[in-house]
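Report on one structure; see the data block that follows.
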Amino acid sequence: MQITLVPVEGIDVVWKRIEDYVQGTAEYTHGRYTKGDIRTGLMTKSQHLWLAHEGEEVFGFVVTEIANYPQLKALVMHFTGGRELDSWKPQMLEMLQSFSKLHGCDVIESFGRAGWAKVFKKDGFKSMYNFYELPVEGTQ
């Protein structure tokens with residue numbers, strides 16, 4: 001399995017191969033993002049697209065971005081999607097660790113549904129908090 005950081009000019013080339021994965025990920029944002037929003041973020045923001053693939057066959061993707069907090073620097077994993085996660089997660093995390101170290105990050109962070117706590121626990125991630133929301137009455 002190969003892990004590749006896709007340059008901005010390569011996003012159009014690979015988009016059709018990850019579009020369904022991105023759509024599935026967008027659905028879990030509960031109306032916060034569409035797949036188009038994710039694509040726009042990759043094309044116009046300081047976000048990074050990582051692919052897990054064997055040749056032309058793509059198994060998954062991760063979208064990251066460096067966040068500069070007042071007291072630390074983090075590589076934020078915004079979106080993760082694909083199939084056969086166990087076959088590419090170790091290599092992906094190794095690449096993200098190297099990238100984080102190279103860019104002076106103190107931590108790698110992510111947020112998502114509760115199931116991710118179980119998926120990443122054996123990799124050393126700790127669940128720090130849960131995210132909850134309350135719709136504002138009259139806006140839904």
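Just remember, in the structure tokens the first chain shown is A, the second B, etc., residues are 1-based per chain, and ligands are 1-based in the order shown.
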DSSP says strand (DSSP E) for which residues of chain A? Put them as a ChimeraX atom specification?
/A:2-6,47-54,57-68,73-82,107-110
Kindly export the residues of the current selection with C-alpha atoms, as a short mmCIF file (atom, residue, chain, number, x, y, z; two decimals), in the first residue's frame.
```cif
data_model
loop_
_atom_site.label_atom_id
_atom_site.label_comp_id
_atom_site.auth_asym_id
_atom_site.auth_seq_id
_atom_site.Cartn_x
_atom_site.Cartn_y
_atom_site.Cartn_z
CA GLN A 2 1.31 3.44 -0.90
CA ILE A 3 0.49 6.71 0.84
CA THR A 4 0.77 9.79 -1.35
CA LEU A 5 0.42 13.48 -0.56
CA VAL A 6 -1.43 14.90 -3.57
CA GLN A 47 -5.41 21.66 3.42
CA HIS A 48 -3.63 18.50 2.34
CA LEU A 49 -5.03 15.46 0.51
CA TRP A 50 -3.44 12.11 1.33
CA LEU A 51 -4.29 8.97 -0.64
CA ALA A 52 -3.92 5.32 0.29
CA HIS A 53 -3.57 3.40 -2.95
CA GLU A 54 -2.05 0.54 -4.86
CA GLU A 57 -6.70 1.83 -7.17
CA VAL A 58 -7.53 4.14 -4.27
CA PHE A 59 -8.50 2.58 -0.95
CA GLY A 60 -8.91 5.72 1.13
CA PHE A 61 -8.09 9.32 1.82
CA VAL A 62 -7.37 11.75 4.64
CA VAL A 63 -7.68 15.54 4.57
CA THR A 64 -5.38 17.37 6.97
CA GLU A 65 -4.55 20.94 7.88
CA ILE A 66 -2.05 22.50 10.24
CA ALA A 67 -3.64 24.48 13.08
CA ASN A 68 -1.61 27.00 15.07
CA LYS A 73 0.70 23.34 16.78
CA ALA A 74 -1.48 20.48 15.52
CA LEU A 75 -2.01 18.50 12.36
CA VAL A 76 -5.79 18.22 12.20
CA MET A 77 -7.31 15.23 10.43
CA HIS A 78 -10.51 16.82 9.14
CA PHE A 79 -11.86 13.98 7.01
CA THR A 80 -11.03 10.29 6.63
CA GLY A 81 -12.81 7.88 4.32
CA GLY A 82 -12.45 4.81 2.20
CA VAL A 107 0.03 16.63 18.15
CA ILE A 108 -2.17 15.03 15.53
CA GLU A 109 -5.83 15.59 16.30
CA SER A 110 -9.11 14.46 14.87
#
```
